[in-house]
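A.B. asks: Dropping the structure in here first, questions after.
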Amino acid sequence: MSENSFKDYIENRTIADIMEDYGEQRGEWETLLVTDEHGVKRFRHKNGRDFFCEQYDPGDAEYEVSENVLKILSGKTIEEQMEFYYVTQSSKFYSTAYGSVTKEDLRKYSVKLSDYKEIRALLLKGNILIGAKIDCWPDFAEGILLPDRRVCTYYASDNEGSGTNDREDYAYLIFADSIGGEHNETV
């Protein structure tokens, strides 16, 4: 294309032409999916976050996927499977004075797995989502978050001599076997 024809092309484009080009390119960046012979390695979620995926390596702790989970998640994409998982965090604050607990407070909240900020990678067993690797305590450590195991995400203790002020934060993965409405939790 010569310089003059390119100039004419740019000057004569309409909004409809620009949007049509945008629409064609949009699919390339919005649905980013990387796979290999073992399955999905990375994808972009509809919320805009990129998630990395790894096959679960049991090391010293084998994990069995229940028949209920297999039945519900089979045939769904990893993004669709994420809709069934929630991360619940609990923070326990307590104070002691000379060995007895003087104050205790427990706070809990939960978020969808796709909205949990501490995820390093999603864990798959075959094509089934079973958990995630998350940031945990101490700093820069990595914890394996599975439905039947909790992960300590933070711990602090202030020993002032006459007592202590402690805080413990834990994350739990919950599988909800329905989306929306009432959830039946499977741990």
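By convention in this document, the chains of the structure tokens carry letters A, B, ... by their order, each chain's residues are numbered from 1, and ligands are numbered from 1 in the order they are shown.
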List as a ChimeraX atom specification the protein and nucleic acid residues near segment 117-129 of chain A, meaning an atom at most 10 Å away when only C-alpha atoms are counted, but skip any in the same chain fewer than 2 places from it.
C.D. replies: /A:38-42,49-58,63-65,69-70,72-82,84-85,111,113-115,131-136,142-146,153
A.B. asks: As a ChimeraX atom specification, which residues of segment 7-162 of chain A does DSSP assign to strand (DSSP E or B)?
C.D. replies: /A:33-36,39-44,50-55,85-97,100-112,119-125,128-136,141-145,151-159
A.B. asks: Keeping only C-alpha atoms, write the selected residues to a file as a CSV table (one decimal), in the first residue's frame.
C.D. replies:
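Output file selection-v4.csv follows:
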```csv
chain,number,residue,atom,x,y,z
A,33,LEU,CA,-6.2,-19.7,26.0
A,34,VAL,CA,-2.9,-21.6,26.2
A,35,THR,CA,-2.9,-25.4,26.2
A,36,ASP,CA,-0.4,-28.2,25.9
A,39,GLY,CA,-4.5,-29.5,29.1
A,40,VAL,CA,-5.1,-25.8,29.9
A,41,LYS,CA,-2.0,-23.9,31.0
A,42,ARG,CA,-3.4,-20.4,31.1
A,43,PHE,CA,-6.6,-18.6,30.2
A,44,ARG,CA,-8.1,-15.1,30.6
A,50,ASP,CA,-5.2,-14.3,33.7
A,51,PHE,CA,-5.1,-17.6,35.5
A,52,PHE,CA,-2.3,-20.2,35.3
A,53,CYS,CA,-3.2,-23.8,35.6
A,54,GLU,CA,-1.1,-26.8,36.8
A,55,GLN,CA,-1.8,-30.5,37.1
A,85,TYR,CA,-15.8,-22.7,44.2
A,86,TYR,CA,-15.6,-20.1,46.9
A,87,VAL,CA,-12.8,-19.1,49.3
A,88,THR,CA,-13.8,-18.5,52.8
A,89,GLN,CA,-11.3,-16.7,55.1
A,90,SER,CA,-11.4,-16.5,58.8
A,91,SER,CA,-9.5,-14.1,61.0
A,92,LYS,CA,-9.2,-14.9,64.7
A,93,PHE,CA,-8.0,-12.2,67.1
A,94,TYR,CA,-7.4,-13.0,70.7
A,95,SER,CA,-5.7,-11.5,73.7
A,96,THR,CA,-4.4,-13.2,76.8
A,97,ALA,CA,-3.4,-11.8,80.1
A,100,SER,CA,-6.2,-16.7,80.3
A,101,VAL,CA,-8.1,-15.4,77.2
A,102,THR,CA,-9.4,-12.0,77.8
A,103,LYS,CA,-10.8,-11.1,74.4
A,104,GLU,CA,-11.6,-13.2,71.3
A,105,ASP,CA,-13.1,-12.2,67.9
A,106,LEU,CA,-13.7,-14.3,64.9
A,107,ARG,CA,-14.5,-12.7,61.5
A,108,LYS,CA,-15.4,-14.6,58.4
A,109,TYR,CA,-16.1,-13.7,54.8
A,110,SER,CA,-16.1,-15.5,51.4
A,111,VAL,CA,-15.5,-14.6,47.8
A,112,LYS,CA,-15.7,-16.4,44.5
A,119,ILE,CA,-4.1,-17.2,43.7
A,120,ARG,CA,-0.8,-18.2,42.1
A,121,ALA,CA,-2.2,-21.1,40.0
A,122,LEU,CA,-5.3,-23.2,39.7
A,123,LEU,CA,-4.8,-26.9,40.4
A,124,LEU,CA,-6.3,-29.5,38.0
A,125,LYS,CA,-6.6,-33.2,38.2
A,128,ILE,CA,-11.3,-31.1,36.7
A,129,LEU,CA,-10.5,-28.1,38.9
A,130,ILE,CA,-9.7,-29.2,42.4
A,131,GLY,CA,-8.0,-26.3,44.1
A,132,ALA,CA,-5.4,-23.6,43.9
A,133,LYS,CA,-1.9,-22.6,44.9
A,134,ILE,CA,-2.2,-19.5,47.0
A,135,ASP,CA,0.1,-17.0,48.9
A,136,CYS,CA,0.4,-18.0,52.5
A,141,ALA,CA,5.4,-19.1,50.8
A,142,GLU,CA,2.9,-21.1,48.7
A,143,GLY,CA,0.0,-23.1,50.1
A,144,ILE,CA,-2.1,-25.8,48.5
A,145,LEU,CA,-5.8,-24.9,49.0
A,151,VAL,CA,-4.1,-22.8,54.7
A,152,CYS,CA,-2.7,-20.3,57.1
A,153,THR,CA,-2.4,-17.0,55.2
A,154,TYR,CA,-1.2,-14.8,58.1
A,155,TYR,CA,0.0,-15.1,61.7
A,156,ALA,CA,1.2,-12.5,64.1
A,157,SER,CA,1.8,-12.4,67.9
A,158,ASP,CA,2.6,-9.5,70.0
A,159,ASN,CA,4.0,-10.5,73.4
```
A.B. asks: Have a look at atom CA of Asp139 of chain A and atom CA of Asn47 of chain A and let me know their distance in Å, one decimal.
C.D. replies: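 Computing the Euclidean distance for atom CA of Asp139 of chain A and atom CA of Asn47 of chain A yields 26.8 Å.
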A.B. asks: Would you mind reading off the distance between atom CA of Ala16 of chain A and atom CA of Gly48 of chain A, one decimal, in Å?
C.D. replies: 25.3 Å
A.B. asks: May I ask for the distance between atom CA of Leu173 of chain A and atom CA of Gly59 of chain A, given in Å to one decimal place?
C.D. replies: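 Atom-to-atom, atom CA of Leu173 of chain A to atom CA of Gly59 of chain A, that is 19.7 Å.
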